[in-house]
Amino acid sequence: MCYIAPGKIGACDRYGNEDGKIVRCDPLTILDRRVAAGEEVKPFLTADWDGQWLGGDDLFVSGVGSGTTYPDYKPAPFIVSREVDGADFVTVVTEAIFSYCGVKVKIDTDRHLGEERAIVRAGGEVIGHVTTSEYGSRMLSLGGVEHLTGGSKPEGRVTCDALLRLCNGEAVALDIDGGANIVVQAGQPPIVDGQREARMRVGCGSATIGMFASQWQGLVDEVVVVDDHITGVVSEHQAGKVLGWPDTGIRIKGRRSTPGRYFQVAGPGRGWGGTDIEDPLDILNPWLEKKGARPGLTLLMVSTTGEHHGYYILDDALVPQPAPLPEQLKPSVDLIAENCEPALCTVMFQAGAGGSLRSGVTRNPVKLTHSVQSGQCRVTCGGVPAYVWPGGGITIMVDVLDMPDGSFGYVPTPALVAPLEFTLSREDYRALGGHEASVRGVADIIASGGEYGSAVRKVQPKGSRK
């Protein structure tokens with residue numbers, strides 16, 4: 001129902017008017033394992049096909065550039081028959097319009113980005129919230145139908161734009177209410193308040209003690225690993241006890257959990273170990289002489305990434321005084337940093353494939369849902385296997401970096417458009433009540449194209465380069 005002037009492209013940037021015919025602007029994408037490394041992109045028409053039989057595992061027709069089923073009563077744009085290891089399979093290929101979709105963003109950092117449930121904004125509009133932290137990573141939940149269609153028009157447009165750019169691997173600036181300004185890009189380090197993160201933590205403070213206690217034994221009298229969640233103290237920790245570590249009389253602020261493990265030693269922030277402290281001595285109470293404290297006792301305090309560290313010696317009043325880090329301790333601090341993985345952003349696309357989308361596969365849509373949930377039907381996005389959530393419906397999740405470049409588009413609803421493929425045996429497809437009359441071979445698709453033109457590109461699957 002869009003009007004596109006001759007020679008122009010529609011508002012969605014996906015369709016154009018070419019000589020009075022609506023054509024798909026992006027070519028149908030076929031994953032070809034034979035394409036040389038480097039993701040060669042080669043648009044071609046019928047004349048470029050050499051007549052070779054195309055099928056099996058070497059080639060896979062993806063939903064990228066395929067077009068949609070809209071207005072949904074008709075079969076999917078491509079229902080492809082191919083033989084794999086002697087078995088006849090059918091892959092139903094479409095570009096799905098997802099009003100119910102969003103992204104889960106994993107940000108590897110110890111920095112405090114914002115309180116759980118804090119609002120996340122893009123361009124001033126609300127597009128999501130901070131969700132539960134995971135081990136060494138902060139998590140954001142962005143998008144969803146409430147933001148796409150349940151708010152104001154500007155909120156929906158900005159949400160759609162941010163999701164589209166994140167899913168296509170672009171950098172997006174986000175502001176968290178009461179928290180940080182961050183730049184997120186799939187596969188790239190996060191930028192937090194203008195600072196590019198280098199590495200995520202090796203573990204919590206307790207885990208760091210457990211991993212490296214033996215490295216410190218005999219070199220220092222006490223080690224404290226500062227962490228926003230669980231701060232570790234080697235002399236009290238079970239790892240230290242097993243090694244025969246003597247008591248030191250140290251006392252830590254915060255709530256003691258099991259021996260050598262402390263919660264809430266400081267507030268969350270962007271300082272040591274994801275806390276709000278700049279001086280690690282702030283988490284210490286006065287030392288107890290009767291418990292082993294003595295002048296000359298040495299103390300190493302270090303963060304969970306090795307980014308922060310300090311060395312101290314107790315004076316005659318049992319007050320820690322800064323001192324240069326001894327050479328023999330430097331390797332242990334470096335070892336913490338060496339064991340930290342690079343800090344990256346991960347963008348997981350999540351969507352519900354329901355409603356009339358399923359009618360492009362079968363005349364009895366609920367059978368497709370049952371087939372997917374039973375494992376009979378395989379679901380992919382741009383050729384990439386998707387995780388299917390248990391329970392009702394078809395709720396999928398996939399890493400956007402695994403998908404072909406430029407896989408995502410949008411419609412002005414606003415909603416995202418993403419490739420979706422269902423693959424199952426030909427026999428099972430018939431049992432679903434599938435659109436048998438619309439099944440075509442790969443060679444026929446390359447030779448004659450589809451409803452919106454015959455341009456095709458071949459790319460190497462990203463997964464085959466791993």
# chains A, B, ... in the order shown; residues from 1 in each chain; ligands from 1
$ residues_around --residues "His112 (chain A)" --least-positions-apart "4" --cutoff "6 Å" --atoms "only C-alpha atoms" --output "number ranges by chain"
A: 268-270, 274
$ write_last_selection --atoms "all heavy atoms" --output "PDB file, in the first residue's frame"
ATOM      1  N   PRO A 268      28.312   0.433  44.486  1.00  0.00           N
ATOM      2  CA  PRO A 268      28.725   0.198  43.094  1.00  0.00           C
ATOM      3  C   PRO A 268      29.207   1.495  42.451  1.00  0.00           C
ATOM      4  O   PRO A 268      28.758   2.582  42.801  1.00  0.00           O
ATOM      5  CB  PRO A 268      27.447  -0.311  42.429  1.00  0.00           C
ATOM      6  CG  PRO A 268      26.337   0.258  43.259  1.00  0.00           C
ATOM      7  CD  PRO A 268      26.850   0.318  44.658  1.00  0.00           C
ATOM      8  N   GLY A 269      30.147   1.374  41.532  1.00  0.00           N
ATOM      9  CA  GLY A 269      30.677   2.568  40.876  1.00  0.00           C
ATOM     10  C   GLY A 269      31.667   2.212  39.796  1.00  0.00           C
ATOM     11  O   GLY A 269      31.680   1.097  39.279  1.00  0.00           O
ATOM     12  N   ARG A 270      32.556   3.128  39.491  1.00  0.00           N
ATOM     13  CA  ARG A 270      33.507   2.939  38.388  1.00  0.00           C
ATOM     14  C   ARG A 270      34.937   2.926  38.883  1.00  0.00           C
ATOM     15  O   ARG A 270      35.879   3.152  38.131  1.00  0.00           O
ATOM     16  CB  ARG A 270      33.291   4.040  37.342  1.00  0.00           C
ATOM     17  CG  ARG A 270      31.912   3.949  36.704  1.00  0.00           C
ATOM     18  CD  ARG A 270      31.444   5.249  36.108  1.00  0.00           C
ATOM     19  NE  ARG A 270      29.977   5.330  36.196  1.00  0.00           N
ATOM     20  CZ  ARG A 270      29.290   6.416  35.950  1.00  0.00           C
ATOM     21  NH1 ARG A 270      29.905   7.517  35.589  1.00  0.00           N
ATOM     22  NH2 ARG A 270      27.984   6.417  36.071  1.00  0.00           N
ATOM     23  N   GLY A 274      34.700  -2.378  40.371  1.00  0.00           N
ATOM     24  CA  GLY A 274      33.304  -2.042  40.164  1.00  0.00           C
ATOM     25  C   GLY A 274      32.652  -1.370  41.358  1.00  0.00           C
ATOM     26  O   GLY A 274      31.435  -1.227  41.407  1.00  0.00           O
TER      27      GLY A 274
END
$ residues_around --residues "region 333-336 of chain A" --least-positions-apart "6" --cutoff "10 Å" --atoms "only C-alpha atoms" --output "ChimeraX atom specification"
/A:201-203,208,211-212,215-216,300-309,325
$ closest_residue --among "A:Arg199, A:His129, A:His237, A:Arg256" --to "Val223 (chain A)" --atoms "only C-alpha atoms"
A:His237
$ select_by_dssp --residues "region 204-364 of chain A" --states "alpha helix (DSSP H)" --output "number ranges by chain"
A: 205-216, 238-242, 330-338
$ write_last_selection --atoms "N, CA and C atoms" --output "PDB file, in the first residue's frame"
ATOM      1  N   GLY A 205      35.921 -11.508  43.628  1.00  0.00           N
ATOM      2  CA  GLY A 205      37.075 -11.460  44.517  1.00  0.00           C
ATOM      3  C   GLY A 205      37.393 -12.788  45.155  1.00  0.00           C
ATOM      4  N   SER A 206      36.343 -13.518  45.525  1.00  0.00           N
ATOM      5  CA  SER A 206      36.549 -14.829  46.134  1.00  0.00           C
ATOM      6  C   SER A 206      37.172 -15.811  45.142  1.00  0.00           C
ATOM      7  N   ALA A 207      36.650 -15.824  43.913  1.00  0.00           N
ATOM      8  CA  ALA A 207      37.182 -16.733  42.898  1.00  0.00           C
ATOM      9  C   ALA A 207      38.633 -16.408  42.574  1.00  0.00           C
ATOM     10  N   THR A 208      38.964 -15.107  42.556  1.00  0.00           N
ATOM     11  CA  THR A 208      40.338 -14.699  42.274  1.00  0.00           C
ATOM     12  C   THR A 208      41.281 -15.207  43.362  1.00  0.00           C
ATOM     13  N   ILE A 209      40.846 -15.121  44.616  1.00  0.00           N
ATOM     14  CA  ILE A 209      41.633 -15.688  45.721  1.00  0.00           C
ATOM     15  C   ILE A 209      41.838 -17.177  45.500  1.00  0.00           C
ATOM     16  N   GLY A 210      40.762 -17.883  45.171  1.00  0.00           N
ATOM     17  CA  GLY A 210      40.873 -19.322  44.976  1.00  0.00           C
ATOM     18  C   GLY A 210      41.821 -19.696  43.854  1.00  0.00           C
ATOM     19  N   MET A 211      41.825 -18.913  42.782  1.00  0.00           N
ATOM     20  CA  MET A 211      42.675 -19.230  41.629  1.00  0.00           C
ATOM     21  C   MET A 211      44.147 -18.933  41.870  1.00  0.00           C
ATOM     22  N   PHE A 212      44.431 -17.860  42.622  1.00  0.00           N
ATOM     23  CA  PHE A 212      45.810 -17.373  42.672  1.00  0.00           C
ATOM     24  C   PHE A 212      46.428 -17.371  44.064  1.00  0.00           C
ATOM     25  N   ALA A 213      45.752 -17.970  45.055  1.00  0.00           N
ATOM     26  CA  ALA A 213      46.294 -17.967  46.420  1.00  0.00           C
ATOM     27  C   ALA A 213      47.691 -18.562  46.471  1.00  0.00           C
ATOM     28  N   SER A 214      47.892 -19.652  45.754  1.00  0.00           N
ATOM     29  CA  SER A 214      49.211 -20.299  45.801  1.00  0.00           C
ATOM     30  C   SER A 214      50.300 -19.439  45.170  1.00  0.00           C
ATOM     31  N   GLN A 215      49.923 -18.538  44.257  1.00  0.00           N
ATOM     32  CA  GLN A 215      50.896 -17.646  43.630  1.00  0.00           C
ATOM     33  C   GLN A 215      51.441 -16.622  44.634  1.00  0.00           C
ATOM     34  N   TRP A 216      50.619 -16.297  45.648  1.00  0.00           N
ATOM     35  CA  TRP A 216      51.004 -15.271  46.617  1.00  0.00           C
ATOM     36  C   TRP A 216      51.653 -15.839  47.869  1.00  0.00           C
ATOM     37  N   GLN A 238      38.901 -20.170  52.397  1.00  0.00           N
ATOM     38  CA  GLN A 238      39.199 -21.593  52.501  1.00  0.00           C
ATOM     39  C   GLN A 238      40.466 -21.962  51.740  1.00  0.00           C
ATOM     40  N   ALA A 239      40.717 -21.287  50.624  1.00  0.00           N
ATOM     41  CA  ALA A 239      41.946 -21.560  49.871  1.00  0.00           C
ATOM     42  C   ALA A 239      43.172 -21.261  50.722  1.00  0.00           C
ATOM     43  N   GLY A 240      43.128 -20.117  51.437  1.00  0.00           N
ATOM     44  CA  GLY A 240      44.241 -19.783  52.320  1.00  0.00           C
ATOM     45  C   GLY A 240      44.380 -20.756  53.469  1.00  0.00           C
ATOM     46  N   LYS A 241      43.265 -21.182  54.050  1.00  0.00           N
ATOM     47  CA  LYS A 241      43.305 -22.112  55.174  1.00  0.00           C
ATOM     48  C   LYS A 241      43.921 -23.444  54.774  1.00  0.00           C
ATOM     49  N   VAL A 242      43.526 -23.939  53.576  1.00  0.00           N
ATOM     50  CA  VAL A 242      44.094 -25.203  53.098  1.00  0.00           C
ATOM     51  C   VAL A 242      45.596 -25.082  52.892  1.00  0.00           C
ATOM     52  N   LYS A 330      54.856  -8.594  41.119  1.00  0.00           N
ATOM     53  CA  LYS A 330      54.365  -8.109  39.832  1.00  0.00           C
ATOM     54  C   LYS A 330      53.844  -9.221  38.924  1.00  0.00           C
ATOM     55  N   PRO A 331      54.536 -10.367  38.844  1.00  0.00           N
ATOM     56  CA  PRO A 331      54.009 -11.435  37.978  1.00  0.00           C
ATOM     57  C   PRO A 331      52.613 -11.909  38.380  1.00  0.00           C
ATOM     58  N   SER A 332      52.323 -11.926  39.692  1.00  0.00           N
ATOM     59  CA  SER A 332      51.010 -12.394  40.128  1.00  0.00           C
ATOM     60  C   SER A 332      49.922 -11.402  39.741  1.00  0.00           C
ATOM     61  N   VAL A 333      50.225 -10.111  39.804  1.00  0.00           N
ATOM     62  CA  VAL A 333      49.257  -9.098  39.374  1.00  0.00           C
ATOM     63  C   VAL A 333      49.068  -9.177  37.861  1.00  0.00           C
ATOM     64  N   ASP A 334      50.168  -9.347  37.148  1.00  0.00           N
ATOM     65  CA  ASP A 334      50.083  -9.482  35.689  1.00  0.00           C
ATOM     66  C   ASP A 334      49.291 -10.722  35.296  1.00  0.00           C
ATOM     67  N   LEU A 335      49.398 -11.784  36.128  1.00  0.00           N
ATOM     68  CA  LEU A 335      48.695 -13.026  35.814  1.00  0.00           C
ATOM     69  C   LEU A 335      47.187 -12.834  35.886  1.00  0.00           C
ATOM     70  N   ILE A 336      46.727 -11.992  36.811  1.00  0.00           N
ATOM     71  CA  ILE A 336      45.295 -11.695  36.879  1.00  0.00           C
ATOM     72  C   ILE A 336      44.854 -11.041  35.576  1.00  0.00           C
ATOM     73  N   ALA A 337      45.593 -10.026  35.143  1.00  0.00           N
ATOM     74  CA  ALA A 337      45.247  -9.334  33.901  1.00  0.00           C
ATOM     75  C   ALA A 337      45.312 -10.285  32.703  1.00  0.00           C
ATOM     76  N   GLU A 338      46.295 -11.178  32.703  1.00  0.00           N
ATOM     77  CA  GLU A 338      46.458 -12.117  31.592  1.00  0.00           C
ATOM     78  C   GLU A 338      45.269 -13.061  31.485  1.00  0.00           C
TER      79      GLU A 338
END
$ select_by_dssp --residues "region 166-393 of chain A" --states "strand (DSSP E or B)" --output "MDAnalysis selection string"
chainID A and resid 172:176 181:184 186 191:192 195:196 199 222:226 231:233 251:252 255:256 261:263 268 275 284:285 298:303 309:314 320:323 342 345:352 362 378:381 384:385 387:388
$ residues_around --residues "region 80-90 of chain A" --least-positions-apart "3" --cutoff "9 Å" --atoms "only C-alpha atoms" --output "PDB file with all heavy atoms, in the first residue's frame"
ATOM      1  N   LEU A  54      22.963 -27.233  -7.862  1.00  0.00           N
ATOM      2  CA  LEU A  54      23.192 -26.543  -6.604  1.00  0.00           C
ATOM      3  C   LEU A  54      22.296 -27.146  -5.540  1.00  0.00           C
ATOM      4  O   LEU A  54      21.076 -27.138  -5.661  1.00  0.00           O
ATOM      5  CB  LEU A  54      22.883 -25.051  -6.751  1.00  0.00           C
ATOM      6  CG  LEU A  54      23.646 -24.353  -7.872  1.00  0.00           C
ATOM      7  CD1 LEU A  54      23.074 -22.971  -8.102  1.00  0.00           C
ATOM      8  CD2 LEU A  54      25.119 -24.265  -7.533  1.00  0.00           C
ATOM      9  N   GLY A  55      22.886 -27.680  -4.506  1.00  0.00           N
ATOM     10  CA  GLY A  55      22.085 -28.256  -3.437  1.00  0.00           C
ATOM     11  C   GLY A  55      22.962 -28.789  -2.339  1.00  0.00           C
ATOM     12  O   GLY A  55      24.151 -28.488  -2.253  1.00  0.00           O
ATOM     13  N   GLY A  56      22.391 -29.605  -1.458  1.00  0.00           N
ATOM     14  CA  GLY A  56      23.158 -30.192  -0.380  1.00  0.00           C
ATOM     15  C   GLY A  56      23.564 -29.176   0.654  1.00  0.00           C
ATOM     16  O   GLY A  56      22.981 -28.110   0.794  1.00  0.00           O
ATOM     17  N   ASP A  57      24.626 -29.515   1.381  1.00  0.00           N
ATOM     18  CA  ASP A  57      25.080 -28.655   2.465  1.00  0.00           C
ATOM     19  C   ASP A  57      25.889 -27.464   1.983  1.00  0.00           C
ATOM     20  O   ASP A  57      26.141 -26.538   2.743  1.00  0.00           O
ATOM     21  CB  ASP A  57      25.938 -29.471   3.454  1.00  0.00           C
ATOM     22  CG  ASP A  57      25.063 -30.367   4.334  1.00  0.00           C
ATOM     23  OD1 ASP A  57      23.895 -29.997   4.544  1.00  0.00           O
ATOM     24  OD2 ASP A  57      25.551 -31.407   4.784  1.00  0.00           O
ATOM     25  N   PHE A  60      22.770 -22.746   0.888  1.00  0.00           N
ATOM     26  CA  PHE A  60      21.580 -22.577   1.715  1.00  0.00           C
ATOM     27  C   PHE A  60      20.932 -21.257   1.346  1.00  0.00           C
ATOM     28  O   PHE A  60      21.578 -20.203   1.399  1.00  0.00           O
ATOM     29  CB  PHE A  60      21.959 -22.588   3.202  1.00  0.00           C
ATOM     30  CG  PHE A  60      20.780 -22.442   4.128  1.00  0.00           C
ATOM     31  CD1 PHE A  60      20.070 -23.561   4.530  1.00  0.00           C
ATOM     32  CD2 PHE A  60      20.383 -21.193   4.597  1.00  0.00           C
ATOM     33  CE1 PHE A  60      18.979 -23.450   5.392  1.00  0.00           C
ATOM     34  CE2 PHE A  60      19.303 -21.064   5.445  1.00  0.00           C
ATOM     35  CZ  PHE A  60      18.600 -22.190   5.851  1.00  0.00           C
ATOM     36  N   VAL A  61      19.664 -21.299   0.963  1.00  0.00           N
ATOM     37  CA  VAL A  61      18.932 -20.090   0.618  1.00  0.00           C
ATOM     38  C   VAL A  61      18.441 -19.460   1.919  1.00  0.00           C
ATOM     39  O   VAL A  61      17.659 -20.050   2.659  1.00  0.00           O
ATOM     40  CB  VAL A  61      17.742 -20.398  -0.301  1.00  0.00           C
ATOM     41  CG1 VAL A  61      16.978 -19.113  -0.621  1.00  0.00           C
ATOM     42  CG2 VAL A  61      18.217 -21.053  -1.594  1.00  0.00           C
ATOM     43  N   VAL A  93      11.558 -20.121   3.425  1.00  0.00           N
ATOM     44  CA  VAL A  93      12.399 -18.935   3.532  1.00  0.00           C
ATOM     45  C   VAL A  93      11.543 -17.673   3.456  1.00  0.00           C
ATOM     46  O   VAL A  93      10.752 -17.502   2.516  1.00  0.00           O
ATOM     47  CB  VAL A  93      13.442 -18.930   2.390  1.00  0.00           C
ATOM     48  CG1 VAL A  93      14.244 -17.633   2.388  1.00  0.00           C
ATOM     49  CG2 VAL A  93      14.372 -20.138   2.507  1.00  0.00           C
ATOM     50  N   PHE A 422      12.645 -22.103   8.146  1.00  0.00           N
ATOM     51  CA  PHE A 422      12.217 -23.347   8.793  1.00  0.00           C
ATOM     52  C   PHE A 422      12.630 -24.509   7.902  1.00  0.00           C
ATOM     53  O   PHE A 422      12.255 -24.541   6.720  1.00  0.00           O
ATOM     54  CB  PHE A 422      10.698 -23.368   8.996  1.00  0.00           C
ATOM     55  CG  PHE A 422      10.173 -22.273   9.887  1.00  0.00           C
ATOM     56  CD1 PHE A 422       9.615 -21.129   9.332  1.00  0.00           C
ATOM     57  CD2 PHE A 422      10.221 -22.392  11.265  1.00  0.00           C
ATOM     58  CE1 PHE A 422       9.114 -20.124  10.141  1.00  0.00           C
ATOM     59  CE2 PHE A 422       9.732 -21.385  12.089  1.00  0.00           C
ATOM     60  CZ  PHE A 422       9.184 -20.251  11.532  1.00  0.00           C
ATOM     61  N   THR A 423      13.363 -25.475   8.445  1.00  0.00           N
ATOM     62  CA  THR A 423      13.825 -26.608   7.646  1.00  0.00           C
ATOM     63  C   THR A 423      13.334 -27.914   8.265  1.00  0.00           C
ATOM     64  O   THR A 423      13.512 -28.142   9.472  1.00  0.00           O
ATOM     65  CB  THR A 423      15.364 -26.627   7.558  1.00  0.00           C
ATOM     66  OG1 THR A 423      15.818 -25.412   6.948  1.00  0.00           O
ATOM     67  CG2 THR A 423      15.846 -27.811   6.733  1.00  0.00           C
ATOM     68  N   LEU A 424      12.756 -28.752   7.447  1.00  0.00           N
ATOM     69  CA  LEU A 424      12.285 -30.058   7.905  1.00  0.00           C
ATOM     70  C   LEU A 424      12.219 -30.998   6.709  1.00  0.00           C
ATOM     71  O   LEU A 424      12.367 -30.572   5.556  1.00  0.00           O
ATOM     72  CB  LEU A 424      10.936 -29.948   8.591  1.00  0.00           C
ATOM     73  CG  LEU A 424       9.686 -29.562   7.785  1.00  0.00           C
ATOM     74  CD1 LEU A 424       8.439 -29.773   8.645  1.00  0.00           C
ATOM     75  CD2 LEU A 424       9.722 -28.132   7.293  1.00  0.00           C
ATOM     76  N   SER A 425      12.026 -32.266   6.980  1.00  0.00           N
ATOM     77  CA  SER A 425      11.992 -33.223   5.879  1.00  0.00           C
ATOM     78  C   SER A 425      10.766 -32.972   5.001  1.00  0.00           C
ATOM     79  O   SER A 425       9.745 -32.446   5.459  1.00  0.00           O
ATOM     80  CB  SER A 425      11.962 -34.652   6.427  1.00  0.00           C
ATOM     81  OG  SER A 425      10.701 -34.939   7.015  1.00  0.00           O
ATOM     82  N   ARG A 426      10.895 -33.378   3.768  1.00  0.00           N
ATOM     83  CA  ARG A 426       9.779 -33.193   2.818  1.00  0.00           C
ATOM     84  C   ARG A 426       8.538 -33.941   3.298  1.00  0.00           C
ATOM     85  O   ARG A 426       7.410 -33.440   3.202  1.00  0.00           O
ATOM     86  CB  ARG A 426      10.218 -33.698   1.426  1.00  0.00           C
ATOM     87  CG  ARG A 426       9.213 -33.462   0.295  1.00  0.00           C
ATOM     88  CD  ARG A 426       9.176 -32.005  -0.095  1.00  0.00           C
ATOM     89  NE  ARG A 426       8.404 -31.758  -1.303  1.00  0.00           N
ATOM     90  CZ  ARG A 426       8.915 -31.698  -2.533  1.00  0.00           C
ATOM     91  NH1 ARG A 426      10.225 -31.888  -2.720  1.00  0.00           N
ATOM     92  NH2 ARG A 426       8.160 -31.435  -3.573  1.00  0.00           N
ATOM     93  N   GLU A 427       8.757 -35.107   3.854  1.00  0.00           N
ATOM     94  CA  GLU A 427       7.636 -35.904   4.354  1.00  0.00           C
ATOM     95  C   GLU A 427       6.931 -35.182   5.507  1.00  0.00           C
ATOM     96  O   GLU A 427       5.695 -35.120   5.550  1.00  0.00           O
ATOM     97  CB  GLU A 427       8.154 -37.268   4.819  1.00  0.00           C
ATOM     98  CG  GLU A 427       7.070 -38.195   5.349  1.00  0.00           C
ATOM     99  CD  GLU A 427       7.642 -39.525   5.822  1.00  0.00           C
ATOM    100  OE1 GLU A 427       8.862 -39.755   5.642  1.00  0.00           O
ATOM    101  OE2 GLU A 427       6.872 -40.322   6.396  1.00  0.00           O
ATOM    102  N   TYR A 429       6.993 -32.029   6.046  1.00  0.00           N
ATOM    103  CA  TYR A 429       6.369 -30.811   5.527  1.00  0.00           C
ATOM    104  C   TYR A 429       4.988 -31.112   4.948  1.00  0.00           C
ATOM    105  O   TYR A 429       4.041 -30.358   5.149  1.00  0.00           O
ATOM    106  CB  TYR A 429       7.272 -30.164   4.478  1.00  0.00           C
ATOM    107  CG  TYR A 429       6.761 -28.828   3.998  1.00  0.00           C
ATOM    108  CD1 TYR A 429       6.651 -27.753   4.874  1.00  0.00           C
ATOM    109  CD2 TYR A 429       6.360 -28.639   2.681  1.00  0.00           C
ATOM    110  CE1 TYR A 429       6.165 -26.521   4.443  1.00  0.00           C
ATOM    111  CE2 TYR A 429       5.884 -27.415   2.236  1.00  0.00           C
ATOM    112  CZ  TYR A 429       5.785 -26.365   3.129  1.00  0.00           C
ATOM    113  OH  TYR A 429       5.299 -25.154   2.716  1.00  0.00           O
ATOM    114  N   SER A 438       4.170 -24.876  -3.985  1.00  0.00           N
ATOM    115  CA  SER A 438       5.116 -23.763  -4.081  1.00  0.00           C
ATOM    116  C   SER A 438       6.562 -24.187  -3.893  1.00  0.00           C
ATOM    117  O   SER A 438       7.475 -23.347  -3.909  1.00  0.00           O
ATOM    118  CB  SER A 438       4.770 -22.689  -3.033  1.00  0.00           C
ATOM    119  OG  SER A 438       3.477 -22.157  -3.261  1.00  0.00           O
ATOM    120  N   VAL A 439       6.808 -25.484  -3.706  1.00  0.00           N
ATOM    121  CA  VAL A 439       8.173 -25.975  -3.492  1.00  0.00           C
ATOM    122  C   VAL A 439       8.970 -25.863  -4.791  1.00  0.00           C
ATOM    123  O   VAL A 439       8.496 -26.249  -5.859  1.00  0.00           O
ATOM    124  CB  VAL A 439       8.158 -27.431  -2.980  1.00  0.00           C
ATOM    125  CG1 VAL A 439       9.581 -27.955  -2.852  1.00  0.00           C
ATOM    126  CG2 VAL A 439       7.436 -27.519  -1.644  1.00  0.00           C
ATOM    127  N   ARG A 440      10.210 -25.322  -4.689  1.00  0.00           N
ATOM    128  CA  ARG A 440      11.081 -25.153  -5.859  1.00  0.00           C
ATOM    129  C   ARG A 440      12.492 -25.606  -5.519  1.00  0.00           C
ATOM    130  O   ARG A 440      12.883 -25.623  -4.346  1.00  0.00           O
ATOM    131  CB  ARG A 440      11.115 -23.681  -6.287  1.00  0.00           C
ATOM    132  CG  ARG A 440       9.766 -23.081  -6.615  1.00  0.00           C
ATOM    133  CD  ARG A 440       9.843 -21.573  -6.719  1.00  0.00           C
ATOM    134  NE  ARG A 440      10.776 -21.135  -7.751  1.00  0.00           N
ATOM    135  CZ  ARG A 440      11.206 -19.883  -7.894  1.00  0.00           C
ATOM    136  NH1 ARG A 440      10.787 -18.949  -7.055  1.00  0.00           N
ATOM    137  NH2 ARG A 440      12.040 -19.565  -8.855  1.00  0.00           N
ATOM    138  N   GLY A 441      13.258 -25.932  -6.538  1.00  0.00           N
ATOM    139  CA  GLY A 441      14.657 -26.294  -6.346  1.00  0.00           C
ATOM    140  C   GLY A 441      15.553 -25.057  -6.307  1.00  0.00           C
ATOM    141  O   GLY A 441      15.170 -23.985  -6.794  1.00  0.00           O
ATOM    142  N   VAL A 442      16.756 -25.221  -5.764  1.00  0.00           N
ATOM    143  CA  VAL A 442      17.689 -24.102  -5.664  1.00  0.00           C
ATOM    144  C   VAL A 442      18.068 -23.574  -7.046  1.00  0.00           C
ATOM    145  O   VAL A 442      18.119 -22.362  -7.279  1.00  0.00           O
ATOM    146  CB  VAL A 442      18.960 -24.521  -4.890  1.00  0.00           C
ATOM    147  CG1 VAL A 442      19.945 -23.354  -4.793  1.00  0.00           C
ATOM    148  CG2 VAL A 442      18.601 -25.014  -3.498  1.00  0.00           C
ATOM    149  N   ILE A 445      15.441 -21.376  -8.442  1.00  0.00           N
ATOM    150  CA  ILE A 445      15.391 -20.071  -7.761  1.00  0.00           C
ATOM    151  C   ILE A 445      16.466 -19.144  -8.313  1.00  0.00           C
ATOM    152  O   ILE A 445      16.222 -17.962  -8.586  1.00  0.00           O
ATOM    153  CB  ILE A 445      15.538 -20.262  -6.242  1.00  0.00           C
ATOM    154  CG1 ILE A 445      14.269 -20.920  -5.675  1.00  0.00           C
ATOM    155  CG2 ILE A 445      15.820 -18.933  -5.532  1.00  0.00           C
ATOM    156  CD1 ILE A 445      14.399 -21.375  -4.249  1.00  0.00           C
TER     157      ILE A 445
END
$ residues_around --residues "region 145-158 of chain A" --least-positions-apart "4" --cutoff "9 Å" --atoms "only C-alpha atoms" --output "NGL selection string"
:A and (99-102 or 122-128 or 162-163 or 412-415)
$ write_last_selection --atoms "C-alpha atoms" --output "PDB file, in the first residue's frame"
ATOM      1  CA  SER A  99       6.569  -6.275  16.078  1.00  0.00           C
ATOM      2  CA  TYR A 100       7.414  -8.434  19.083  1.00  0.00           C
ATOM      3  CA  CYS A 101      11.176  -8.234  19.177  1.00  0.00           C
ATOM      4  CA  GLY A 102      14.124  -6.732  20.984  1.00  0.00           C
ATOM      5  CA  ALA A 122      18.601   6.535  23.012  1.00  0.00           C
ATOM      6  CA  GLY A 123      18.251  10.073  21.696  1.00  0.00           C
ATOM      7  CA  GLY A 124      16.345  10.938  24.869  1.00  0.00           C
ATOM      8  CA  GLU A 125      13.642   8.316  24.281  1.00  0.00           C
ATOM      9  CA  VAL A 126      13.079   5.303  26.533  1.00  0.00           C
ATOM     10  CA  ILE A 127      14.021   2.098  24.703  1.00  0.00           C
ATOM     11  CA  GLY A 128      14.646  -0.404  27.503  1.00  0.00           C
ATOM     12  CA  ALA A 162      18.388   1.710  17.746  1.00  0.00           C
ATOM     13  CA  LEU A 163      17.457  -1.967  17.403  1.00  0.00           C
ATOM     14  CA  PRO A 412       7.512   2.012   9.387  1.00  0.00           C
ATOM     15  CA  THR A 413       4.985   0.238  11.671  1.00  0.00           C
ATOM     16  CA  PRO A 414       7.592   0.417  13.377  1.00  0.00           C
ATOM     17  CA  ALA A 415       8.935  -3.126  13.454  1.00  0.00           C
TER      18      ALA A 415
END
$ residues_around --residues "Ala173 (chain A)" --least-positions-apart "5" --cutoff "8 Å" --atoms "only C-alpha atoms" --output "list of chain:residue names"
A:Ala122, A:Asn181, A:Ile182, A:Val183, A:Val184
$ closest_residue --among "A:Ala171, A:Ile283, A:Val35, A:Ala76" --to "Gly434 (chain A)" --atoms "only C-alpha atoms"
A:Ala76
$ closest_residue --among "A:Val384, A:Val234, A:Val361, A:Cys2" --to "Arg430 (chain A)" --atoms "only C-alpha atoms"
A:Val361
$ residues_around --residues "Arg111 (chain A)" --least-positions-apart "4" --cutoff "12 Å" --atoms "only C-alpha atoms" --output "VMD selection string"
chain A and resid 107 115 133 136 to 138 179 to 182 190 to 193 195 to 201 227 to 229 267 to 277 303 to 305 343
$ atom_distance --atom1 "CA of Cys345 (chain A)" --atom2 "CA of Ile119 (chain A)"
18.8 Å
